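Undergrad: This one is data-v7.cif, mmCIF, C-alpha atoms and all ligand atoms.
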data_my_file
loop_
_atom_site.label_atom_id
_atom_site.label_comp_id
_atom_site.auth_asym_id
_atom_site.auth_seq_id
_atom_site.Cartn_x
_atom_site.Cartn_y
_atom_site.Cartn_z
CA MET A 1 -15.70 10.63 38.67
CA GLN A 2 -14.29 7.51 40.35
CA PHE A 3 -11.25 5.69 38.97
CA ASN A 4 -9.97 2.24 39.79
CA ASP A 5 -6.99 2.28 42.24
CA ALA A 6 -4.91 -0.03 40.07
CA LEU A 7 -5.46 2.24 37.07
CA LEU A 8 -4.29 5.27 39.06
CA ALA A 9 -1.31 3.32 40.37
CA ALA A 10 -0.31 2.35 36.82
CA LEU A 11 -0.46 5.97 35.71
CA ARG A 12 1.33 7.32 38.78
CA GLY A 13 4.04 4.68 38.46
CA ALA A 14 4.57 5.05 34.70
CA ARG A 15 8.19 5.46 33.64
CA HIS A 16 7.27 6.34 30.06
CA LEU A 17 3.68 7.26 29.26
CA VAL A 18 2.56 7.40 25.63
CA VAL A 19 -0.62 9.34 24.89
CA PHE A 20 -2.03 8.43 21.49
CA THR A 21 -4.85 10.63 20.23
CA GLY A 22 -7.37 10.72 17.39
CA ALA A 23 -10.13 12.95 16.16
CA GLY A 24 -12.24 12.38 19.30
CA VAL A 25 -9.89 14.52 21.37
CA SER A 26 -10.75 17.54 19.21
CA ALA A 27 -14.48 16.74 18.92
CA GLU A 28 -15.34 18.86 21.94
CA SER A 29 -13.53 21.78 20.31
CA GLY A 30 -16.13 21.65 17.55
CA ILE A 31 -14.06 19.84 14.93
CA PRO A 32 -16.16 16.97 13.59
CA THR A 33 -14.40 13.60 13.61
CA PHE A 34 -13.53 12.26 10.21
CA ARG A 35 -16.33 9.73 10.26
CA ASP A 36 -18.88 12.16 11.77
CA ALA A 37 -18.13 14.66 9.01
CA LEU A 38 -18.64 11.98 6.39
CA ALA A 39 -21.91 11.00 8.04
CA GLY A 40 -23.08 14.63 8.04
CA LEU A 41 -22.55 17.40 5.53
CA TRP A 42 -20.32 15.31 3.29
CA THR A 43 -22.47 12.20 3.32
CA GLN A 44 -22.47 11.76 -0.46
CA TYR A 45 -18.70 11.18 -0.62
CA GLU A 46 -16.43 8.24 0.11
CA ALA A 47 -13.39 8.84 2.33
CA THR A 48 -11.12 8.05 -0.60
CA GLN A 49 -12.79 10.69 -2.81
CA LEU A 50 -11.88 13.33 -0.23
CA ALA A 51 -8.62 12.00 1.17
CA SER A 52 -6.48 10.22 -1.42
CA PRO A 53 -4.06 11.27 -4.17
CA GLU A 54 -6.44 9.77 -6.74
CA GLY A 55 -9.37 11.75 -5.29
CA PHE A 56 -7.35 14.96 -5.53
CA ALA A 57 -6.21 14.27 -9.10
CA ASP A 58 -9.80 13.49 -10.04
CA ASN A 59 -11.41 16.53 -8.43
CA PRO A 60 -8.93 18.99 -6.89
CA ALA A 61 -11.57 21.62 -6.10
CA LEU A 62 -13.71 19.13 -4.15
CA VAL A 63 -10.76 17.95 -2.07
CA TRP A 64 -9.30 21.41 -1.51
CA GLY A 65 -12.78 22.65 -0.52
CA TRP A 66 -13.16 19.84 2.03
CA TYR A 67 -9.81 20.60 3.66
CA GLU A 68 -10.39 24.36 3.61
CA TRP A 69 -13.70 23.71 5.40
CA ARG A 70 -11.84 21.69 8.03
CA ARG A 71 -8.97 24.22 8.26
CA MET A 72 -11.44 27.03 8.90
CA LYS A 73 -12.94 25.00 11.73
CA VAL A 74 -9.48 24.44 13.19
CA LEU A 75 -8.55 28.12 12.92
CA ARG A 76 -11.71 29.10 14.78
CA ALA A 77 -11.47 26.30 17.38
CA GLN A 78 -9.91 26.44 20.82
CA PRO A 79 -8.24 23.59 22.70
CA ASN A 80 -10.62 21.89 25.11
CA PRO A 81 -10.08 20.46 28.64
CA ALA A 82 -8.84 17.16 27.16
CA HIS A 83 -5.97 18.89 25.34
CA ALA A 84 -5.21 20.88 28.50
CA ALA A 85 -5.22 17.76 30.71
CA ILE A 86 -2.79 15.98 28.35
CA ALA A 87 -0.45 19.00 28.45
CA SER A 88 -0.60 18.96 32.27
CA LEU A 89 -0.01 15.20 32.44
CA ALA A 90 3.47 15.81 31.05
CA GLY A 91 4.35 17.49 34.36
CA LEU A 92 3.24 14.44 36.36
CA THR A 93 5.24 11.71 34.61
CA PRO A 94 9.00 11.29 34.11
CA ARG A 95 8.53 10.94 30.34
CA LEU A 96 5.50 11.54 28.15
CA THR A 97 5.40 11.06 24.38
CA LEU A 98 2.36 12.53 22.67
CA ILE A 99 1.46 10.94 19.33
CA THR A 100 -1.51 12.23 17.38
CA GLN A 101 -3.33 11.28 14.20
CA ASN A 102 -4.88 14.74 14.16
CA VAL A 103 -3.85 17.31 11.60
CA ASP A 104 -4.91 20.24 13.80
CA ASP A 105 -2.59 22.08 16.19
CA LEU A 106 -4.80 22.07 19.27
CA HIS A 107 -2.35 19.99 21.34
CA GLU A 108 0.37 22.57 20.71
CA ARG A 109 -1.98 25.44 21.47
CA ALA A 110 -2.87 23.75 24.78
CA GLY A 111 0.83 23.71 25.70
CA SER A 112 2.07 20.27 24.63
CA ALA A 113 5.59 20.31 23.20
CA ASP A 114 7.18 18.04 20.62
CA VAL A 115 3.93 16.47 19.39
CA ILE A 116 4.41 13.62 16.90
CA HIS A 117 1.98 14.18 14.00
CA LEU A 118 1.52 10.87 12.20
CA HIS A 119 -0.88 12.24 9.58
CA GLY A 120 0.77 15.59 8.87
CA SER A 121 -0.61 19.07 9.43
CA ILE A 122 -3.49 20.94 7.87
CA HIS A 123 -1.41 24.09 8.24
CA GLN A 124 1.47 22.95 6.01
CA PRO A 125 0.25 22.61 2.41
CA ARG A 126 2.65 21.90 -0.40
CA CYS A 127 2.72 21.50 -4.16
CA PHE A 128 1.12 18.28 -5.44
CA THR A 129 3.69 18.19 -8.27
CA CYS A 130 7.02 19.38 -6.83
CA SER A 131 6.39 19.38 -3.03
CA GLN A 132 7.40 23.04 -2.64
CA PRO A 133 5.85 24.30 0.63
CA TYR A 134 3.07 26.85 0.25
CA ALA A 135 2.38 29.67 2.72
CA TYR A 136 -1.28 30.47 3.31
CA PRO A 137 -2.13 34.16 3.32
CA PRO A 138 -2.28 35.21 6.99
CA GLY A 139 -5.61 35.38 8.82
CA ILE A 140 -8.78 33.36 8.79
CA PRO A 141 -10.36 33.03 5.36
CA ASP A 142 -13.87 34.34 5.15
CA GLU A 143 -15.31 31.92 2.62
CA PRO A 144 -18.61 30.54 3.83
CA GLU A 145 -18.35 27.41 6.01
CA GLY A 146 -18.81 24.29 4.00
CA GLY A 147 -18.15 26.04 0.66
CA ARG A 148 -17.67 22.84 -1.25
CA TYR A 149 -15.70 23.56 -4.39
CA LEU A 150 -12.61 25.69 -4.09
CA GLU A 151 -9.92 25.75 -6.74
CA PRO A 152 -6.55 25.09 -5.02
CA PRO A 153 -3.90 27.79 -5.33
CA ARG A 154 -1.00 27.25 -7.72
CA CYS A 155 2.62 26.64 -6.83
CA GLY A 156 4.86 29.72 -7.23
CA ARG A 157 7.69 27.52 -8.48
CA CYS A 158 6.20 25.05 -10.96
CA GLY A 159 2.58 26.10 -11.36
CA GLY A 160 1.30 22.77 -9.97
CA ARG A 161 -1.73 22.56 -7.72
CA ILE A 162 -1.28 23.06 -3.97
CA ARG A 163 -2.47 20.13 -1.84
CA PRO A 164 -3.11 19.85 1.89
CA GLY A 165 -0.10 18.80 3.98
CA VAL A 166 -1.87 15.78 5.39
CA VAL A 167 -1.33 12.07 4.87
CA TRP A 168 -3.96 10.58 2.61
CA PHE A 169 -5.20 7.02 2.28
CA GLY A 170 -2.66 5.05 0.29
CA GLU A 171 0.25 7.32 1.27
CA SER A 172 3.14 6.51 3.59
CA LEU A 173 3.38 8.08 6.99
CA PRO A 174 6.22 10.59 7.46
CA ALA A 175 9.18 8.29 8.20
CA LYS A 176 10.66 10.27 11.08
CA ALA A 177 7.33 10.63 12.87
CA TRP A 178 6.49 6.96 12.39
CA ASN A 179 9.91 5.79 13.63
CA ARG A 180 9.67 7.92 16.74
CA ALA A 181 6.13 6.74 17.42
CA TRP A 182 7.04 3.10 16.87
CA GLN A 183 10.00 3.35 19.23
CA ALA A 184 7.91 5.05 21.90
CA ALA A 185 5.29 2.29 21.62
CA GLN A 186 8.03 -0.31 22.09
CA ASP A 187 9.54 1.48 25.06
CA CYS A 188 6.54 2.74 27.05
CA ASP A 189 5.09 1.01 30.09
CA VAL A 190 1.69 2.73 29.87
CA LEU A 191 -0.12 3.81 26.70
CA MET A 192 -3.31 5.83 26.80
CA SER A 193 -5.37 5.87 23.61
CA VAL A 194 -7.81 8.78 23.45
CA GLY A 195 -10.59 9.41 20.94
CA THR A 196 -9.59 7.16 18.09
CA SER A 197 -11.61 4.49 16.34
CA SER A 198 -8.40 2.43 15.97
CA LEU A 199 -9.34 1.57 12.42
CA VAL A 200 -6.67 3.27 10.34
CA TRP A 201 -3.39 1.44 9.96
CA PRO A 202 -0.52 1.58 10.57
CA ALA A 203 -1.31 4.15 13.31
CA ALA A 204 -3.83 1.82 14.94
CA GLU A 205 -1.09 -0.74 15.46
CA LEU A 206 0.76 1.37 18.03
CA PRO A 207 -1.37 0.47 21.07
CA GLU A 208 -1.18 -3.20 20.06
CA ILE A 209 2.61 -3.00 19.80
CA ALA A 210 2.72 -1.54 23.31
CA ALA A 211 0.30 -4.14 24.69
CA ARG A 212 2.27 -7.03 23.16
CA ARG A 213 5.42 -5.67 24.84
CA GLY A 214 3.64 -5.78 28.20
CA ALA A 215 2.59 -2.14 28.54
CA THR A 216 -0.69 -1.29 30.23
CA VAL A 217 -3.15 0.11 27.70
CA ILE A 218 -5.86 2.52 28.83
CA GLN A 219 -8.54 3.69 26.42
CA VAL A 220 -10.70 6.82 26.67
CA ASN A 221 -13.62 6.78 24.24
CA PRO A 222 -17.40 7.08 24.66
CA GLY A 223 -17.90 4.23 22.20
CA GLU A 224 -16.60 0.75 21.55
CA THR A 225 -13.56 0.42 19.30
CA ALA A 226 -11.29 -2.17 17.75
CA LEU A 227 -8.91 -1.61 20.68
CA ASP A 228 -11.32 -2.65 23.43
CA GLY A 229 -9.92 -6.16 23.75
CA TRP A 230 -6.33 -4.94 24.15
CA ALA A 231 -7.09 -2.33 26.79
CA ALA A 232 -6.76 -3.10 30.49
CA TRP A 233 -9.24 -0.29 31.13
CA ASN A 234 -11.87 1.18 28.82
CA LEU A 235 -12.97 4.52 30.21
CA ARG A 236 -16.24 5.22 28.40
CA GLY A 237 -16.86 8.93 28.25
CA PRO A 238 -15.92 12.14 26.48
CA ALA A 239 -12.22 12.94 26.71
CA GLY A 240 -12.98 16.47 27.90
CA GLU A 241 -14.56 15.01 31.04
CA VAL A 242 -12.58 11.81 31.62
CA LEU A 243 -9.07 13.28 31.26
CA PRO A 244 -9.44 16.26 33.63
CA GLY A 245 -11.00 13.84 36.15
CA LEU A 246 -8.10 11.46 35.77
CA LEU A 247 -5.59 14.27 36.21
CA GLU A 248 -7.36 15.42 39.36
CA ALA A 249 -7.41 11.88 40.77
CA MET A 250 -3.69 11.42 40.06
CA ARG A 251 -2.65 14.51 41.99
P1 LIG B 301 -12.42 8.60 13.71
O1 LIG B 301 -13.34 9.63 13.16
O2 LIG B 301 -12.26 7.31 12.98
O3 LIG B 301 -12.87 8.18 15.19
C1 LIG B 301 -13.11 9.13 16.18
C2 LIG B 301 -13.26 8.42 17.49
O4 LIG B 301 -13.48 9.41 18.49
C3 LIG B 301 -14.47 7.47 17.58
O5 LIG B 301 -14.05 6.23 18.13
C4 LIG B 301 -15.43 8.18 18.54
O6 LIG B 301 -16.16 7.26 19.36
C5 LIG B 301 -14.45 8.96 19.38
N1 LIG B 301 -15.01 10.15 20.02
C6 LIG B 301 -16.02 10.96 19.59
N2 LIG B 301 -16.22 11.97 20.46
C7 LIG B 301 -15.33 11.80 21.47
C8 LIG B 301 -15.02 12.51 22.66
N3 LIG B 301 -15.70 13.61 23.00
N4 LIG B 301 -14.04 12.04 23.46
C9 LIG B 301 -13.35 10.91 23.12
N5 LIG B 301 -13.57 10.21 22.00
C10 LIG B 301 -14.55 10.63 21.18
O7 LIG B 301 -11.05 9.34 13.93
P2 LIG B 301 -9.58 8.75 14.09
O8 LIG B 301 -9.58 7.48 14.86
O9 LIG B 301 -8.71 9.86 14.53
O10 LIG B 301 -6.73 9.63 8.61
O11 LIG B 301 -9.26 8.42 12.61
C11 LIG B 301 -7.98 8.06 12.27
C12 LIG B 301 -7.69 8.54 10.90
O12 LIG B 301 -8.76 8.17 10.03
C13 LIG B 301 -7.64 10.04 10.75
O13 LIG B 301 -6.39 10.57 11.13
C14 LIG B 301 -7.88 10.18 9.29
C15 LIG B 301 -9.05 9.24 9.15
O14 LIG B 301 -9.25 8.70 7.97
C16 LIG B 301 -6.35 10.11 7.44
O15 LIG B 301 -6.83 11.12 6.96
C17 LIG B 301 -5.26 9.31 6.83
#
Spell out the structure here as structure tokens.
TA:
Amino acid sequence: MQFNDALLAALRGARHLVVFTGAGVSAESGIPTFRDALAGLWTQYEATQLASPEGFADNPALVWGWYEWRRMKVLRAQPNPAHAAIASLAGLTPRLTLITQNVDDLHERAGSADVIHLHGSIHQPRCFTCSQPYAYPPGIPDEPEGGRYLEPPRCGRCGGRIRPGVVWFGESLPAKAWNRAWQAAQDCDVLMSVGTSSLVWPAAELPEIAARRGATVIQVNPGETALDGWAAWNLRGPAGEVLPGLLEAMR
């Protein structure tokens, strides 16, 4: 894979590199992107039915079933070469901040430290009523994949329903994570956006913030996105191929 010299120079010379990832970075680990999942097995539902406080209040078993289906995929998945390349990139730049919209832990399992999770974690459920954290029983559940309706467990403290520890549509991002991400976007000189449709705000604003401050924006995505016009380089291809190639070329 050939990369433009100026692109490699920007990456090699970066003082502070921000890597901003979305569902596409985990696609090659077998975790369907949000929109792919909705276009497939879950085609009859709107995103807000599956991922909003109102959707959960309306049909807790549907929503809990959807997230358990995704959690089972995550538990069975392994990090792919894109996650590994991002972890290795940290050793090649003076400062790397990794910001993800993903609720899986594949970046951490690939060796990235201090990952900023803008949309929470699928592994940290809590009570819908009183926010008490809930600990999943250990191990990988053996319910059938795609088992749609699953009654959520109940909170040991107040008896409320347990909800997934992710950020839903209409909810605020965790303040600490957002502040750190926003500051990194302001400060970085290169931002690489990987595998995100750049449609969901406020997360999608981060590359634009960086670009407006003069940072070089690089995008890795097989398809066109809302970010195309802001990016100095659009590297069209799967992250699991483009990122290892980029890492190799930088060395
Ligand atoms: P999306 O599902 O919106 O977009 C996934 C992106 O990944 C698309 O642009 C694909 O072209 C790209 N893609 C697919 N395969 C890829 C690959 N192998 N390598 C690189 N890119 C690939 O996912 P996100 O942008 O992450 O939010 O979505 C952002 C948020 O929207 C999610 O965090 C979730 C969702 O609604 C909430 O739940 C709040």
Undergrad: With a cut-off of 6 Å, could you pull out the residues of chain A touching ligand LIG 301 (chain B) and give me the nearest pair of atoms for each, distance in Å to one decimal, using all atoms listed in the file, ordered by chain and ascending number, as a Markdown table?
TA:
| residue | atom | partner | partner_atom | distance |
| --- | --- | --- | --- | --- |
| A:Gly22 | CA | B:LIG301 | O9 | 3.3 |
| A:Ala23 | CA | B:LIG301 | O9 | 3.8 |
| A:Gly24 | CA | B:LIG301 | O4 | 3.3 |
| A:Val25 | CA | B:LIG301 | N4 | 5.3 |
| A:Ala27 | CA | B:LIG301 | N3 | 5.3 |
| A:Glu28 | CA | B:LIG301 | N3 | 5.4 |
| A:Thr33 | CA | B:LIG301 | O1 | 4.1 |
| A:Phe34 | CA | B:LIG301 | O1 | 4.0 |
| A:Arg35 | CA | B:LIG301 | O1 | 4.2 |
| A:Gln101 | CA | B:LIG301 | O13 | 4.4 |
| A:Asn102 | CA | B:LIG301 | O13 | 5.4 |
| A:His119 | CA | B:LIG301 | C17 | 5.9 |
| A:Val167 | CA | B:LIG301 | C17 | 5.2 |
| A:Trp168 | CA | B:LIG301 | C17 | 4.6 |
| A:Phe169 | CA | B:LIG301 | C17 | 5.1 |
| A:Val194 | CA | B:LIG301 | C9 | 5.9 |
| A:Gly195 | CA | B:LIG301 | N5 | 3.3 |
| A:Thr196 | CA | B:LIG301 | O8 | 3.2 |
| A:Ser197 | CA | B:LIG301 | O5 | 3.5 |
| A:Ser198 | CA | B:LIG301 | O8 | 5.3 |
| A:Val200 | CA | B:LIG301 | C11 | 5.3 |
| A:Asn221 | CA | B:LIG301 | N5 | 4.1 |
| A:Pro222 | CA | B:LIG301 | O6 | 5.4 |
| A:Gly223 | CA | B:LIG301 | O6 | 4.5 |
| A:Thr225 | CA | B:LIG301 | O5 | 5.9 |
| A:Pro238 | CA | B:LIG301 | N4 | 3.6 |
| A:Ala239 | CA | B:LIG301 | N4 | 3.8 |
Undergrad: Could you put an axis-aligned box around every listed atom of stretch 171-188 of chain A, padded by 4 Å on each side, and send me its centre and edge lengths in Å to one decimal, as JSON?
TA:
{"center_x": 5.5, "center_y": 5.2, "center_z": 14.2, "size_x": 18.4, "size_y": 18.9, "size_z": 33.8}
Undergrad: Can you tell me, as JSON, numbers by chain, what residues are no more than 6 Å from A:Ala185 when counting all atoms listed in the file, ignoring any on the same chain fewer than 3 positions away?
TA: {"A": [182, 188, 206, 210]}
Undergrad: Using only C-alpha atoms for the distances, tell me which of A:Arg180, A:Arg163, A:Arg95, A:His123 is nearest to A:Leu75.
TA: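 Answer, going by the shortest atom-to-atom distance: A:His123.
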Undergrad: Near stretch 54-69 of chain A, within 6 Å and counting all atoms listed in the file, which residues show up once chain neighbours fewer than 2 positions away are dropped, as a PyMOL selection string?
TA: chain A and resi 49-50+52+71-72+145-146+148-152
Undergrad: Excluding A:Leu235 and any residue of its chain fewer than 6 positions from it, enumerate the residues within 12 Å of it, using all atoms listed in the file, and give them as a compact mmCIF listing (two decimals) with C-alpha atoms, in the frame of the given file.
TA:
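result_12.txt, freshly written:
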# COMPACT_ATOMS: atom_id res chain seq x y z
CA MET A 1 -15.70 10.63 38.67
CA GLN A 2 -14.29 7.51 40.35
CA PHE A 3 -11.25 5.69 38.97
CA ASN A 4 -9.97 2.24 39.79
CA LEU A 7 -5.46 2.24 37.07
CA MET A 192 -3.31 5.83 26.80
CA SER A 193 -5.37 5.87 23.61
CA VAL A 194 -7.81 8.78 23.45
CA GLY A 195 -10.59 9.41 20.94
CA VAL A 217 -3.15 0.11 27.70
CA ILE A 218 -5.86 2.52 28.83
CA GLN A 219 -8.54 3.69 26.42
CA VAL A 220 -10.70 6.82 26.67
CA ASN A 221 -13.62 6.78 24.24
CA PRO A 222 -17.40 7.08 24.66
CA GLY A 223 -17.90 4.23 22.20
CA GLU A 224 -16.60 0.75 21.55
CA THR A 225 -13.56 0.42 19.30
CA ASP A 228 -11.32 -2.65 23.43
CA GLU A 241 -14.56 15.01 31.04
CA VAL A 242 -12.58 11.81 31.62
CA LEU A 243 -9.07 13.28 31.26
CA GLY A 245 -11.00 13.84 36.15
CA LEU A 246 -8.10 11.46 35.77
Undergrad: Would you kindly return, as a ChimeraX atom specification, each protein, DNA or RNA residue with an atom no farther than 9 Å from any atom of A:Ser112, considering only C-alpha atoms and excluding same-chain residues fewer than 2 positions away?
TA: /A:83-84,86-88,90,98,106-110,114-115
Undergrad: Mind giving me the straight-line distance from atom CA of A:Leu17 to atom CA of A:Ile99 in Å, one decimal?
TA: 10.8 Å
Undergrad: In Å, rounded to a single decimal, give me how far atom CA of A:Ala47 is from atom CA of A:Thr97.
TA: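 Distance between the two atoms: 29.1 Å.
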Undergrad: For A:Asp104, which of A:His16, A:Arg126, A:Arg212, A:Arg76 is the closest residue, counting all atoms listed in the file?
TA: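 Comparing A:His16, A:Arg126, A:Arg212, A:Arg76 against A:Asp104, the winner is A:Arg76.
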Undergrad: Add whatever atoms are absent from stretch 206-216 of chain A to reach all heavy atoms, and provide the output as a PDB file, in the coordinates of the input.
TA:
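To be explicit, this is the file written out as rebuild_6.pdb:
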ATOM      1  N   LEU A 206      -0.126   0.948  16.940  1.00  0.00           N
ATOM      2  CA  LEU A 206       0.760   1.370  18.030  1.00  0.00           C
ATOM      3  C   LEU A 206       0.319   0.857  19.407  1.00  0.00           C
ATOM      4  O   LEU A 206       1.136   0.307  20.150  1.00  0.00           O
ATOM      5  CB  LEU A 206       0.921   2.907  18.035  1.00  0.00           C
ATOM      6  CG  LEU A 206       1.669   3.469  16.816  1.00  0.00           C
ATOM      7  CD1 LEU A 206       1.543   4.984  16.765  1.00  0.00           C
ATOM      8  CD2 LEU A 206       3.148   3.051  16.856  1.00  0.00           C
ATOM      9  N   PRO A 207      -0.971   0.999  19.765  1.00  0.00           N
ATOM     10  CA  PRO A 207      -1.370   0.470  21.070  1.00  0.00           C
ATOM     11  C   PRO A 207      -1.186  -1.051  21.166  1.00  0.00           C
ATOM     12  O   PRO A 207      -0.838  -1.576  22.226  1.00  0.00           O
ATOM     13  CB  PRO A 207      -2.857   0.845  21.170  1.00  0.00           C
ATOM     14  CG  PRO A 207      -3.018   1.996  20.233  1.00  0.00           C
ATOM     15  CD  PRO A 207      -2.055   1.738  19.118  1.00  0.00           C
ATOM     16  N   GLU A 208      -1.373  -1.738  20.051  1.00  0.00           N
ATOM     17  CA  GLU A 208      -1.180  -3.200  20.060  1.00  0.00           C
ATOM     18  C   GLU A 208       0.286  -3.555  20.257  1.00  0.00           C
ATOM     19  O   GLU A 208       0.605  -4.504  20.972  1.00  0.00           O
ATOM     20  CB  GLU A 208      -1.700  -3.806  18.752  1.00  0.00           C
ATOM     21  CG  GLU A 208      -3.202  -3.699  18.628  1.00  0.00           C
ATOM     22  CD  GLU A 208      -3.735  -4.489  17.434  1.00  0.00           C
ATOM     23  OE1 GLU A 208      -3.055  -5.422  16.964  1.00  0.00           O
ATOM     24  OE2 GLU A 208      -4.827  -4.142  16.989  1.00  0.00           O
ATOM     25  N   ILE A 209       1.165  -2.771  19.619  1.00  0.00           N
ATOM     26  CA  ILE A 209       2.610  -3.000  19.800  1.00  0.00           C
ATOM     27  C   ILE A 209       2.944  -2.859  21.285  1.00  0.00           C
ATOM     28  O   ILE A 209       3.617  -3.697  21.881  1.00  0.00           O
ATOM     29  CB  ILE A 209       3.444  -1.982  18.980  1.00  0.00           C
ATOM     30  CG1 ILE A 209       3.298  -2.256  17.494  1.00  0.00           C
ATOM     31  CG2 ILE A 209       4.905  -1.994  19.400  1.00  0.00           C
ATOM     32  CD1 ILE A 209       3.930  -1.188  16.596  1.00  0.00           C
ATOM     33  N   ALA A 210       2.436  -1.786  21.891  1.00  0.00           N
ATOM     34  CA  ALA A 210       2.720  -1.540  23.310  1.00  0.00           C
ATOM     35  C   ALA A 210       2.164  -2.675  24.170  1.00  0.00           C
ATOM     36  O   ALA A 210       2.847  -3.195  25.058  1.00  0.00           O
ATOM     37  CB  ALA A 210       2.134  -0.192  23.732  1.00  0.00           C
ATOM     38  N   ALA A 211       0.933  -3.080  23.887  1.00  0.00           N
ATOM     39  CA  ALA A 211       0.300  -4.140  24.690  1.00  0.00           C
ATOM     40  C   ALA A 211       1.083  -5.445  24.576  1.00  0.00           C
ATOM     41  O   ALA A 211       1.315  -6.131  25.576  1.00  0.00           O
ATOM     42  CB  ALA A 211      -1.150  -4.338  24.237  1.00  0.00           C
ATOM     43  N   ARG A 212       1.521  -5.772  23.357  1.00  0.00           N
ATOM     44  CA  ARG A 212       2.270  -7.030  23.160  1.00  0.00           C
ATOM     45  C   ARG A 212       3.596  -7.006  23.905  1.00  0.00           C
ATOM     46  O   ARG A 212       4.112  -8.042  24.286  1.00  0.00           O
ATOM     47  CB  ARG A 212       2.499  -7.288  21.669  1.00  0.00           C
ATOM     48  CG  ARG A 212       1.326  -8.001  21.031  1.00  0.00           C
ATOM     49  CD  ARG A 212       1.689  -8.528  19.637  1.00  0.00           C
ATOM     50  NE  ARG A 212       0.826  -7.914  18.651  1.00  0.00           N
ATOM     51  CZ  ARG A 212       1.185  -7.015  17.756  1.00  0.00           C
ATOM     52  NH1 ARG A 212       2.434  -6.626  17.668  1.00  0.00           N
ATOM     53  NH2 ARG A 212       0.304  -6.511  16.924  1.00  0.00           N
ATOM     54  N   ARG A 213       4.161  -5.792  24.102  1.00  0.00           N
ATOM     55  CA  ARG A 213       5.420  -5.670  24.840  1.00  0.00           C
ATOM     56  C   ARG A 213       5.182  -5.609  26.353  1.00  0.00           C
ATOM     57  O   ARG A 213       6.093  -5.361  27.125  1.00  0.00           O
ATOM     58  CB  ARG A 213       6.153  -4.385  24.425  1.00  0.00           C
ATOM     59  CG  ARG A 213       6.511  -4.338  22.981  1.00  0.00           C
ATOM     60  CD  ARG A 213       7.845  -4.934  22.689  1.00  0.00           C
ATOM     61  NE  ARG A 213       8.921  -4.235  23.406  1.00  0.00           N
ATOM     62  CZ  ARG A 213      10.205  -4.392  23.158  1.00  0.00           C
ATOM     63  NH1 ARG A 213      10.584  -5.226  22.211  1.00  0.00           N
ATOM     64  NH2 ARG A 213      11.119  -3.728  23.834  1.00  0.00           N
ATOM     65  N   GLY A 214       3.934  -5.727  26.769  1.00  0.00           N
ATOM     66  CA  GLY A 214       3.640  -5.780  28.200  1.00  0.00           C
ATOM     67  C   GLY A 214       3.190  -4.466  28.810  1.00  0.00           C
ATOM     68  O   GLY A 214       2.987  -4.372  30.018  1.00  0.00           O
ATOM     69  N   ALA A 215       3.043  -3.423  27.990  1.00  0.00           N
ATOM     70  CA  ALA A 215       2.590  -2.140  28.540  1.00  0.00           C
ATOM     71  C   ALA A 215       1.101  -2.222  28.911  1.00  0.00           C
ATOM     72  O   ALA A 215       0.350  -3.013  28.343  1.00  0.00           O
ATOM     73  CB  ALA A 215       2.800  -1.027  27.507  1.00  0.00           C
ATOM     74  N   THR A 216       0.720  -1.393  29.855  1.00  0.00           N
ATOM     75  CA  THR A 216      -0.690  -1.290  30.230  1.00  0.00           C
ATOM     76  C   THR A 216      -1.361  -0.313  29.272  1.00  0.00           C
ATOM     77  O   THR A 216      -0.893   0.816  29.106  1.00  0.00           O
ATOM     78  CB  THR A 216      -0.803  -0.725  31.670  1.00  0.00           C
ATOM     79  OG1 THR A 216      -0.098  -1.611  32.546  1.00  0.00           O
ATOM     80  CG2 THR A 216      -2.246  -0.610  32.109  1.00  0.00           C
TER      81      THR A 216
END
